[in-house]
Amino acid sequence: MLPTLRQLQYLKLLAEQGGFGRAADAAHVTQPTLSSGIQELERTLGAPVVDRARSGVILTAVGEEALRRATVILNEAEELVEAAKNAGQPLTGRFRLGVIPTVAPFLLPRALPVLRERFPKLRLYLREDLTQRLIAALKAGQLDAALIALPFDMHGLNWAHVSDDELLAAMPAGHPLARLKSADPEALEREDIILLEDGHCLREHALAACGLKPPKTSSGEESFAATSLPTLVQMVSSGLGVTFLPAMAVDAGLTDPASVAVRPISPGHASREIVVAWRAGSNRSIEGKLIAETLKHI
């Protein structure tokens, strides 16, 4: 005997709600019905999935593993229903798109009106997060596609190209490097470099493109790291150092209010590749390619 989707749904709601009563309300069933479903799941698995306590319920080790697998199974089932409903009609119904923070505020304001106009039946759900968490959500079936930047480890994923986004050097407007037409990586390395905090792929892209190591203070500790591009720009504007910015952010006006100069990096042009990615073998691949093709012309 195998667990049913209903039993797995009960387990997921129980973990989310923290109690049988609230989980039953969320499932629109009576508490005895939900409790019976959990007991049947436990009999099927041959082990308890929850510890019942006065303060609520706590998942056992078996319950945690069952929940992890149930989440994937339920997401796949939902995707199957959506695919069947929208067969032959790509980008209709629900589509869950993840976007990294160094792309979302600069591309989405232009992209969303176009997507709404071209695909009026599309219900787009957006999630902004760091690349590694978006990829984990993709592989777990919690997202249908993600708008991210390469290079990155893309094992188990397919993707479609959107654009190449040049990386630019940014420095205080009165900085000596601002008098030059371009910024040399060796010259930048002699400055105090401020980057986004660890976990932002733009940080790694900038360092790799310029052949630089993570900046350290005189005591050997890592230097200041910003949590967002606007914070990064304000730190540079205040004269605390130099940094790297994506051209799409500069084009969108990120540096306009600040006293910051922006220069291309020489020799050549450092860049990152913006792509739409999806799980290898996903039936949303056609839609992922369609979104990429739409974004490519924005």
# chains A, B, ... in the order shown; residues from 1 in each chain; ligands from 1

$ residues_around --residues "region 98-110 of chain A" --least-positions-apart "6" --cutoff "7 Å" --atoms "only C-alpha atoms" --output "JSON, numbers by chain"
{"A": [126, 127, 128, 129, 130, 131, 134, 143, 145, 146, 147, 148, 248, 249, 252]}

$ write_last_selection --atoms "C-alpha atoms" --output "PDB file, in the first residue's frame"
ATOM      1  CA  LEU A 126       7.279  35.853  -8.280  1.00  0.00           C
ATOM      2  CA  ARG A 127       9.872  34.931  -5.661  1.00  0.00           C
ATOM      3  CA  GLU A 128      13.014  37.008  -5.173  1.00  0.00           C
ATOM      4  CA  ASP A 129      15.898  35.158  -3.547  1.00  0.00           C
ATOM      5  CA  LEU A 130      19.575  34.249  -3.845  1.00  0.00           C
ATOM      6  CA  THR A 131      20.630  31.938  -6.664  1.00  0.00           C
ATOM      7  CA  LEU A 134      16.164  29.498  -6.152  1.00  0.00           C
ATOM      8  CA  LEU A 143       9.345  26.906  -8.737  1.00  0.00           C
ATOM      9  CA  ALA A 145      11.603  28.528 -13.649  1.00  0.00           C
ATOM     10  CA  ALA A 146      14.135  31.045 -12.364  1.00  0.00           C
ATOM     11  CA  LEU A 147      15.736  34.150 -13.845  1.00  0.00           C
ATOM     12  CA  ILE A 148      19.367  33.921 -12.733  1.00  0.00           C
ATOM     13  CA  MET A 248      21.249  46.739 -16.336  1.00  0.00           C
ATOM     14  CA  ALA A 249      21.156  48.347 -12.877  1.00  0.00           C
ATOM     15  CA  ALA A 252      17.789  51.525 -14.831  1.00  0.00           C
TER      16      ALA A 252
END

$ residues_around --residues "region 91-96 of chain A" --least-positions-apart "2" --cutoff "8 Å" --atoms "only C-alpha atoms" --output "list in words"
Glu82, Asn86, Gln89, Gly98, Phe119, Pro120, Lys121, Leu122, Arg123, Leu124, Tyr125, Leu126, Arg127, Gln142, Leu143, Asp144, Ala145 and Glu287 of chain A

$ residues_around --residues "Ser163 (chain A)" --least-positions-apart "5" --cutoff "8 Å" --atoms "only C-alpha atoms" --output "PyMOL selection string"
chain A and resi 273-275+296

$ write_last_selection --atoms "N, CA and C atoms" --output "PDB file, in the first residue's frame"
ATOM      1  N   GLU A 273      25.969  36.256 -17.726  1.00  0.00           N
ATOM      2  CA  GLU A 273      24.926  35.854 -18.658  1.00  0.00           C
ATOM      3  C   GLU A 273      23.611  35.683 -17.904  1.00  0.00           C
ATOM      4  N   ILE A 274      22.586  36.400 -18.325  1.00  0.00           N
ATOM      5  CA  ILE A 274      21.263  36.284 -17.727  1.00  0.00           C
ATOM      6  C   ILE A 274      20.487  35.204 -18.477  1.00  0.00           C
ATOM      7  N   VAL A 275      19.925  34.250 -17.725  1.00  0.00           N
ATOM      8  CA  VAL A 275      19.209  33.126 -18.341  1.00  0.00           C
ATOM      9  C   VAL A 275      17.923  32.840 -17.571  1.00  0.00           C
ATOM     10  N   LYS A 296      14.183  38.636 -23.863  1.00  0.00           N
ATOM     11  CA  LYS A 296      15.318  38.949 -24.718  1.00  0.00           C
ATOM     12  C   LYS A 296      15.077  40.218 -25.533  1.00  0.00           C
TER      13      LYS A 296
END

$ residues_around --residues "Arg22 (chain A)" --least-positions-apart "2" --cutoff "12 Å" --atoms "only C-alpha atoms" --output "number ranges by chain"
A: 10, 13-20, 24-31, 34-35, 56-57

$ write_last_selection --atoms "C-alpha atoms" --output "short mmCIF file (atom, residue, chain, number, x, y, z; two decimals), in the first residue's frame"
data_model
loop_
_atom_site.label_atom_id
_atom_site.label_comp_id
_atom_site.auth_asym_id
_atom_site.auth_seq_id
_atom_site.Cartn_x
_atom_site.Cartn_y
_atom_site.Cartn_z
CA TYR A 10 -2.55 16.38 5.60
CA LEU A 13 -0.64 21.13 6.45
CA LEU A 14 0.05 19.67 9.89
CA ALA A 15 3.70 20.74 9.64
CA GLU A 16 2.71 24.21 8.43
CA GLN A 17 -0.09 24.82 10.95
CA GLY A 18 1.51 23.16 13.98
CA GLY A 19 -1.68 21.55 15.27
CA PHE A 20 -4.44 19.15 14.24
CA ALA A 24 -8.04 20.40 9.66
CA ASP A 25 -9.44 23.91 9.10
CA ALA A 26 -6.87 24.55 6.37
CA ALA A 27 -7.78 21.22 4.71
CA HIS A 28 -11.53 21.97 5.08
CA VAL A 29 -12.13 18.67 6.90
CA THR A 30 -12.98 17.72 10.47
CA GLN A 31 -10.19 17.14 12.97
CA LEU A 34 -7.38 14.61 9.42
CA SER A 35 -6.20 12.65 12.46
CA GLY A 56 1.45 21.19 19.35
CA VAL A 57 2.92 18.57 17.08
#

$ select_by_dssp --residues "region 106-145 of chain A" --states "alpha helix (DSSP H)" --output "PyMOL selection string"
chain A and resi 106-118+131-139

$ closest_residue --among "A:Ser259, A:Gln234, A:Thr4, A:Ser266" --to "Ala169 (chain A)" --atoms "only C-alpha atoms"
A:Ser266

$ select_by_dssp --residues "region 50-262 of chain A" --states "strand (DSSP E)" --output "PDB file with N, CA and C atoms, in the first residue's frame"
ATOM      1  N   VAL A  50       4.589  11.981  13.645  1.00  0.00           N
ATOM      2  CA  VAL A  50       4.502  13.145  14.535  1.00  0.00           C
ATOM      3  C   VAL A  50       4.542  12.684  15.986  1.00  0.00           C
ATOM      4  N   ASP A  51       5.106  13.553  16.829  1.00  0.00           N
ATOM      5  CA  ASP A  51       5.001  13.399  18.277  1.00  0.00           C
ATOM      6  C   ASP A  51       3.953  14.389  18.742  1.00  0.00           C
ATOM      7  N   ARG A  52       2.946  13.891  19.393  1.00  0.00           N
ATOM      8  CA  ARG A  52       1.858  14.761  19.859  1.00  0.00           C
ATOM      9  C   ARG A  52       2.202  15.301  21.236  1.00  0.00           C
ATOM     10  N   ALA A  53       2.250  16.635  21.346  1.00  0.00           N
ATOM     11  CA  ALA A  53       2.598  17.289  22.609  1.00  0.00           C
ATOM     12  C   ALA A  53       1.554  18.347  22.920  1.00  0.00           C
ATOM     13  N   GLY A  56       1.690  21.378  20.780  1.00  0.00           N
ATOM     14  CA  GLY A  56       1.446  21.194  19.347  1.00  0.00           C
ATOM     15  C   GLY A  56       2.014  19.875  18.885  1.00  0.00           C
ATOM     16  N   VAL A  57       2.366  19.805  17.630  1.00  0.00           N
ATOM     17  CA  VAL A  57       2.925  18.567  17.081  1.00  0.00           C
ATOM     18  C   VAL A  57       4.354  18.823  16.607  1.00  0.00           C
ATOM     19  N   ILE A  58       5.183  17.800  16.762  1.00  0.00           N
ATOM     20  CA  ILE A  58       6.572  17.867  16.316  1.00  0.00           C
ATOM     21  C   ILE A  58       6.815  16.688  15.396  1.00  0.00           C
ATOM     22  N   LEU A  59       7.357  16.939  14.223  1.00  0.00           N
ATOM     23  CA  LEU A  59       7.621  15.858  13.294  1.00  0.00           C
ATOM     24  C   LEU A  59       8.766  14.989  13.797  1.00  0.00           C
ATOM     25  N   GLY A  93      -2.549  30.241 -16.887  1.00  0.00           N
ATOM     26  CA  GLY A  93      -2.617  29.683 -15.548  1.00  0.00           C
ATOM     27  C   GLY A  93      -1.404  30.059 -14.715  1.00  0.00           C
ATOM     28  N   ARG A  94      -1.182  29.306 -13.637  1.00  0.00           N
ATOM     29  CA  ARG A  94      -0.129  29.640 -12.678  1.00  0.00           C
ATOM     30  C   ARG A  94       1.257  29.319 -13.216  1.00  0.00           C
ATOM     31  N   PHE A  95       2.191  30.260 -13.000  1.00  0.00           N
ATOM     32  CA  PHE A  95       3.599  30.019 -13.318  1.00  0.00           C
ATOM     33  C   PHE A  95       4.428  30.675 -12.228  1.00  0.00           C
ATOM     34  N   ARG A  96       5.271  29.875 -11.561  1.00  0.00           N
ATOM     35  CA  ARG A  96       6.063  30.354 -10.422  1.00  0.00           C
ATOM     36  C   ARG A  96       7.493  30.637 -10.886  1.00  0.00           C
ATOM     37  N   LEU A  97       7.845  31.919 -10.872  1.00  0.00           N
ATOM     38  CA  LEU A  97       9.141  32.358 -11.389  1.00  0.00           C
ATOM     39  C   LEU A  97       9.985  32.957 -10.279  1.00  0.00           C
ATOM     40  N   GLY A  98      11.190  32.419 -10.108  1.00  0.00           N
ATOM     41  CA  GLY A  98      12.135  32.992  -9.167  1.00  0.00           C
ATOM     42  C   GLY A  98      13.048  33.986  -9.878  1.00  0.00           C
ATOM     43  N   VAL A  99      13.489  35.010  -9.157  1.00  0.00           N
ATOM     44  CA  VAL A  99      14.365  36.040  -9.741  1.00  0.00           C
ATOM     45  C   VAL A  99      15.396  36.454  -8.697  1.00  0.00           C
ATOM     46  N   LEU A 122      -1.989  34.490 -18.058  1.00  0.00           N
ATOM     47  CA  LEU A 122      -0.887  34.059 -17.202  1.00  0.00           C
ATOM     48  C   LEU A 122      -1.075  34.604 -15.789  1.00  0.00           C
ATOM     49  N   ARG A 123      -0.936  33.722 -14.783  1.00  0.00           N
ATOM     50  CA  ARG A 123      -0.930  34.131 -13.373  1.00  0.00           C
ATOM     51  C   ARG A 123       0.487  33.915 -12.856  1.00  0.00           C
ATOM     52  N   LEU A 124       1.257  34.993 -12.861  1.00  0.00           N
ATOM     53  CA  LEU A 124       2.678  34.903 -12.546  1.00  0.00           C
ATOM     54  C   LEU A 124       2.905  35.135 -11.061  1.00  0.00           C
ATOM     55  N   TYR A 125       3.522  34.152 -10.410  1.00  0.00           N
ATOM     56  CA  TYR A 125       3.899  34.257  -9.002  1.00  0.00           C
ATOM     57  C   TYR A 125       5.410  34.432  -8.933  1.00  0.00           C
ATOM     58  N   LEU A 126       5.858  35.521  -8.310  1.00  0.00           N
ATOM     59  CA  LEU A 126       7.279  35.853  -8.280  1.00  0.00           C
ATOM     60  C   LEU A 126       7.887  35.596  -6.903  1.00  0.00           C
ATOM     61  N   ARG A 127       9.123  35.117  -6.906  1.00  0.00           N
ATOM     62  CA  ARG A 127       9.872  34.931  -5.661  1.00  0.00           C
ATOM     63  C   ARG A 127      11.285  35.456  -5.867  1.00  0.00           C
ATOM     64  N   GLU A 128      11.662  36.455  -5.086  1.00  0.00           N
ATOM     65  CA  GLU A 128      13.014  37.008  -5.173  1.00  0.00           C
ATOM     66  C   GLU A 128      13.879  36.376  -4.093  1.00  0.00           C
ATOM     67  N   ALA A 145      10.420  28.019 -12.953  1.00  0.00           N
ATOM     68  CA  ALA A 145      11.603  28.528 -13.649  1.00  0.00           C
ATOM     69  C   ALA A 145      12.225  29.614 -12.785  1.00  0.00           C
ATOM     70  N   ALA A 146      13.458  29.993 -13.122  1.00  0.00           N
ATOM     71  CA  ALA A 146      14.135  31.045 -12.364  1.00  0.00           C
ATOM     72  C   ALA A 146      14.972  31.894 -13.304  1.00  0.00           C
ATOM     73  N   LEU A 147      14.943  33.186 -13.082  1.00  0.00           N
ATOM     74  CA  LEU A 147      15.736  34.150 -13.845  1.00  0.00           C
ATOM     75  C   LEU A 147      16.996  34.420 -13.039  1.00  0.00           C
ATOM     76  N   ILE A 148      18.131  33.870 -13.500  1.00  0.00           N
ATOM     77  CA  ILE A 148      19.367  33.921 -12.733  1.00  0.00           C
ATOM     78  C   ILE A 148      20.521  34.357 -13.635  1.00  0.00           C
ATOM     79  N   ALA A 149      21.718  34.419 -13.061  1.00  0.00           N
ATOM     80  CA  ALA A 149      22.907  34.832 -13.817  1.00  0.00           C
ATOM     81  C   ALA A 149      23.960  33.729 -13.767  1.00  0.00           C
ATOM     82  N   LEU A 150      24.605  33.514 -14.893  1.00  0.00           N
ATOM     83  CA  LEU A 150      25.696  32.543 -15.003  1.00  0.00           C
ATOM     84  C   LEU A 150      27.025  33.295 -15.080  1.00  0.00           C
ATOM     85  N   LEU A 157      19.793  21.098 -14.491  1.00  0.00           N
ATOM     86  CA  LEU A 157      18.947  22.166 -15.015  1.00  0.00           C
ATOM     87  C   LEU A 157      19.218  22.399 -16.496  1.00  0.00           C
ATOM     88  N   ASN A 158      18.224  22.910 -17.187  1.00  0.00           N
ATOM     89  CA  ASN A 158      18.383  23.435 -18.541  1.00  0.00           C
ATOM     90  C   ASN A 158      18.077  24.925 -18.501  1.00  0.00           C
ATOM     91  N   TRP A 159      18.517  25.653 -19.515  1.00  0.00           N
ATOM     92  CA  TRP A 159      18.298  27.093 -19.499  1.00  0.00           C
ATOM     93  C   TRP A 159      18.293  27.669 -20.908  1.00  0.00           C
ATOM     94  N   ALA A 160      17.757  28.884 -20.997  1.00  0.00           N
ATOM     95  CA  ALA A 160      17.714  29.626 -22.261  1.00  0.00           C
ATOM     96  C   ALA A 160      18.301  31.014 -22.033  1.00  0.00           C
ATOM     97  N   HIS A 161      19.108  31.458 -22.975  1.00  0.00           N
ATOM     98  CA  HIS A 161      19.802  32.751 -22.874  1.00  0.00           C
ATOM     99  C   HIS A 161      18.817  33.916 -22.979  1.00  0.00           C
ATOM    100  N   VAL A 162      19.025  34.917 -22.149  1.00  0.00           N
ATOM    101  CA  VAL A 162      18.249  36.160 -22.226  1.00  0.00           C
ATOM    102  C   VAL A 162      19.133  37.305 -22.707  1.00  0.00           C
ATOM    103  N   SER A 163      20.252  37.533 -22.017  1.00  0.00           N
ATOM    104  CA  SER A 163      21.136  38.631 -22.408  1.00  0.00           C
ATOM    105  C   SER A 163      22.479  38.495 -21.715  1.00  0.00           C
ATOM    106  N   ASP A 164      23.464  39.219 -22.233  1.00  0.00           N
ATOM    107  CA  ASP A 164      24.760  39.375 -21.567  1.00  0.00           C
ATOM    108  C   ASP A 164      24.751  40.732 -20.886  1.00  0.00           C
ATOM    109  N   ASP A 165      25.005  40.737 -19.595  1.00  0.00           N
ATOM    110  CA  ASP A 165      24.939  41.957 -18.790  1.00  0.00           C
ATOM    111  C   ASP A 165      26.355  42.368 -18.386  1.00  0.00           C
ATOM    112  N   GLU A 166      26.831  43.468 -18.946  1.00  0.00           N
ATOM    113  CA  GLU A 166      28.195  43.918 -18.680  1.00  0.00           C
ATOM    114  C   GLU A 166      28.360  44.325 -17.218  1.00  0.00           C
ATOM    115  N   LEU A 167      29.526  44.001 -16.639  1.00  0.00           N
ATOM    116  CA  LEU A 167      29.866  44.438 -15.295  1.00  0.00           C
ATOM    117  C   LEU A 167      30.736  45.684 -15.392  1.00  0.00           C
ATOM    118  N   LEU A 168      30.386  46.707 -14.637  1.00  0.00           N
ATOM    119  CA  LEU A 168      31.070  47.997 -14.696  1.00  0.00           C
ATOM    120  C   LEU A 168      31.716  48.313 -13.356  1.00  0.00           C
ATOM    121  N   ALA A 169      32.790  49.072 -13.397  1.00  0.00           N
ATOM    122  CA  ALA A 169      33.441  49.537 -12.173  1.00  0.00           C
ATOM    123  C   ALA A 169      32.783  50.845 -11.737  1.00  0.00           C
ATOM    124  N   ALA A 170      32.549  50.975 -10.439  1.00  0.00           N
ATOM    125  CA  ALA A 170      31.944  52.196  -9.902  1.00  0.00           C
ATOM    126  C   ALA A 170      32.834  52.756  -8.804  1.00  0.00           C
ATOM    127  N   MET A 171      33.032  54.055  -8.824  1.00  0.00           N
ATOM    128  CA  MET A 171      33.888  54.717  -7.847  1.00  0.00           C
ATOM    129  C   MET A 171      33.307  56.094  -7.507  1.00  0.00           C
ATOM    130  N   PRO A 172      33.747  56.723  -6.405  1.00  0.00           N
ATOM    131  CA  PRO A 172      33.269  58.075  -6.090  1.00  0.00           C
ATOM    132  C   PRO A 172      33.540  59.026  -7.257  1.00  0.00           C
ATOM    133  N   LEU A 195      31.953  44.833  -1.830  1.00  0.00           N
ATOM    134  CA  LEU A 195      31.148  43.902  -2.613  1.00  0.00           C
ATOM    135  C   LEU A 195      29.855  43.557  -1.884  1.00  0.00           C
ATOM    136  N   LEU A 196      28.954  42.881  -2.593  1.00  0.00           N
ATOM    137  CA  LEU A 196      27.783  42.320  -1.940  1.00  0.00           C
ATOM    138  C   LEU A 196      28.227  41.196  -1.021  1.00  0.00           C
ATOM    139  N   ALA A 225      30.770  44.190   3.547  1.00  0.00           N
ATOM    140  CA  ALA A 225      29.962  43.634   2.469  1.00  0.00           C
ATOM    141  C   ALA A 225      28.549  44.177   2.593  1.00  0.00           C
ATOM    142  N   ALA A 226      27.976  44.592   1.478  1.00  0.00           N
ATOM    143  CA  ALA A 226      26.631  45.171   1.470  1.00  0.00           C
ATOM    144  C   ALA A 226      25.586  44.092   1.232  1.00  0.00           C
ATOM    145  N   THR A 243      33.504  49.577  -6.379  1.00  0.00           N
ATOM    146  CA  THR A 243      32.743  48.332  -6.482  1.00  0.00           C
ATOM    147  C   THR A 243      32.473  47.986  -7.936  1.00  0.00           C
ATOM    148  N   PHE A 244      31.653  46.955  -8.132  1.00  0.00           N
ATOM    149  CA  PHE A 244      31.253  46.514  -9.462  1.00  0.00           C
ATOM    150  C   PHE A 244      29.728  46.505  -9.527  1.00  0.00           C
ATOM    151  N   LEU A 245      29.184  47.010 -10.631  1.00  0.00           N
ATOM    152  CA  LEU A 245      27.734  47.071 -10.800  1.00  0.00           C
ATOM    153  C   LEU A 245      27.339  46.477 -12.150  1.00  0.00           C
ATOM    154  N   PRO A 246      26.178  45.813 -12.211  1.00  0.00           N
ATOM    155  CA  PRO A 246      25.699  45.325 -13.508  1.00  0.00           C
ATOM    156  C   PRO A 246      25.154  46.472 -14.345  1.00  0.00           C
ATOM    157  N   VAL A 260      28.460  59.078  -7.962  1.00  0.00           N
ATOM    158  CA  VAL A 260      29.223  57.902  -8.345  1.00  0.00           C
ATOM    159  C   VAL A 260      29.539  57.966  -9.835  1.00  0.00           C
ATOM    160  N   ALA A 261      30.765  57.611 -10.188  1.00  0.00           N
ATOM    161  CA  ALA A 261      31.163  57.507 -11.590  1.00  0.00           C
ATOM    162  C   ALA A 261      31.244  56.029 -11.965  1.00  0.00           C
ATOM    163  N   VAL A 262      30.856  55.721 -13.197  1.00  0.00           N
ATOM    164  CA  VAL A 262      30.848  54.332 -13.668  1.00  0.00           C
ATOM    165  C   VAL A 262      31.715  54.233 -14.908  1.00  0.00           C
TER     166      VAL A 262
END

$ closest_residue --among "A:Arg263, A:Lys213, A:Lys289, A:His155" --to "Ala178 (chain A)" --atoms "only C-alpha atoms"
A:Arg263

$ closest_residue --among "A:Ser36, A:Leu202, A:Val250, A:Val233" --to "Pro151 (chain A)" --atoms "only C-alpha atoms"
A:Leu202

$ atom_distance --atom1 "CA of Asp184 (chain A)" --atom2 "CA of Gly268 (chain A)"
10.1 Å

$ atom_distance --atom1 "CA of Glu78 (chain A)" --atom2 "CA of Leu5 (chain A)"
10.7 Å

$ atom_distance --atom1 "CA of Ala70 (chain A)" --atom2 "CA of Gln7 (chain A)"
9.3 Å

$ closest_residue --among "A:Ile38, A:Ala140, A:Ala111, A:Leu177" --to "Leu74 (chain A)" --atoms "only C-alpha atoms"
A:Ala140

$ closest_residue --among "A:Gly281, A:Pro90, A:Pro3, A:Gly63" --to "Leu41 (chain A)" --atoms "only C-alpha atoms"
A:Pro3

$ closest_residue --among "A:Leu115, A:Val72, A:Leu2, A:Ala47" --to "His297 (chain A)" --atoms "only C-alpha atoms"
A:Leu115

$ decode --residues "region 144-218 of chain A" --atoms "C-alpha atoms" --output "short mmCIF file (atom, residue, chain, number, x, y, z; two decimals), in the first residue's frame"
data_model
loop_
_atom_site.label_atom_id
_atom_site.label_comp_id
_atom_site.auth_asym_id
_atom_site.auth_seq_id
_atom_site.Cartn_x
_atom_site.Cartn_y
_atom_site.Cartn_z
CA ASP A 144 8.67 26.42 -12.44
CA ALA A 145 11.60 28.53 -13.65
CA ALA A 146 14.14 31.05 -12.36
CA LEU A 147 15.74 34.15 -13.84
CA ILE A 148 19.37 33.92 -12.73
CA ALA A 149 22.91 34.83 -13.82
CA LEU A 150 25.70 32.54 -15.00
CA PRO A 151 28.27 31.20 -14.44
CA PHE A 152 26.83 28.95 -11.74
CA ASP A 153 26.65 25.19 -11.15
CA MET A 154 23.65 24.21 -13.32
CA HIS A 155 23.73 20.44 -12.82
CA GLY A 156 20.23 19.02 -13.32
CA LEU A 157 18.95 22.17 -15.01
CA ASN A 158 18.38 23.44 -18.54
CA TRP A 159 18.30 27.09 -19.50
CA ALA A 160 17.71 29.63 -22.26
CA HIS A 161 19.80 32.75 -22.87
CA VAL A 162 18.25 36.16 -22.23
CA SER A 163 21.14 38.63 -22.41
CA ASP A 164 24.76 39.38 -21.57
CA ASP A 165 24.94 41.96 -18.79
CA GLU A 166 28.19 43.92 -18.68
CA LEU A 167 29.87 44.44 -15.30
CA LEU A 168 31.07 48.00 -14.70
CA ALA A 169 33.44 49.54 -12.17
CA ALA A 170 31.94 52.20 -9.90
CA MET A 171 33.89 54.72 -7.85
CA PRO A 172 33.27 58.07 -6.09
CA ALA A 173 32.75 60.84 -8.64
CA GLY A 174 35.91 62.64 -7.52
CA HIS A 175 38.11 59.55 -7.50
CA PRO A 176 41.26 59.58 -9.71
CA LEU A 177 39.99 56.50 -11.59
CA ALA A 178 36.91 58.52 -12.61
CA ARG A 179 39.17 60.64 -14.85
CA LEU A 180 40.00 57.57 -16.97
CA LYS A 181 37.89 56.11 -19.78
CA SER A 182 38.10 52.60 -18.33
CA ALA A 183 39.16 50.90 -15.11
CA ASP A 184 41.99 48.37 -15.00
CA PRO A 185 41.54 45.39 -12.59
CA GLU A 186 45.04 45.92 -11.18
CA ALA A 187 44.23 49.53 -10.39
CA LEU A 188 40.94 48.50 -8.77
CA GLU A 189 42.72 45.92 -6.62
CA ARG A 190 44.81 48.69 -5.06
CA GLU A 191 41.61 50.35 -3.84
CA ASP A 192 39.24 49.39 -1.04
CA ILE A 193 36.80 47.12 -2.86
CA ILE A 194 33.27 46.84 -1.46
CA LEU A 195 31.15 43.90 -2.61
CA LEU A 196 27.78 42.32 -1.94
CA GLU A 197 27.79 39.86 0.95
CA ASP A 198 28.61 36.20 0.41
CA GLY A 199 25.80 34.32 -1.36
CA HIS A 200 25.16 36.92 -4.04
CA CYS A 201 26.39 35.48 -7.33
CA LEU A 202 27.25 38.98 -8.61
CA ARG A 203 30.02 39.06 -6.03
CA GLU A 204 31.64 35.91 -7.46
CA HIS A 205 31.05 37.03 -11.06
CA ALA A 206 32.85 40.34 -10.47
CA LEU A 207 35.82 38.76 -8.72
CA ALA A 208 36.18 36.00 -11.31
CA ALA A 209 35.82 38.36 -14.27
CA CYS A 210 38.63 40.57 -12.94
CA GLY A 211 40.79 37.76 -11.56
CA LEU A 212 40.58 39.22 -8.04
CA LYS A 213 40.51 37.59 -4.61
CA PRO A 214 37.93 38.54 -1.93
CA PRO A 215 39.09 41.84 -0.41
CA LYS A 216 40.61 41.72 3.10
CA THR A 217 41.35 44.37 5.70
CA SER A 218 44.85 44.93 7.07
#
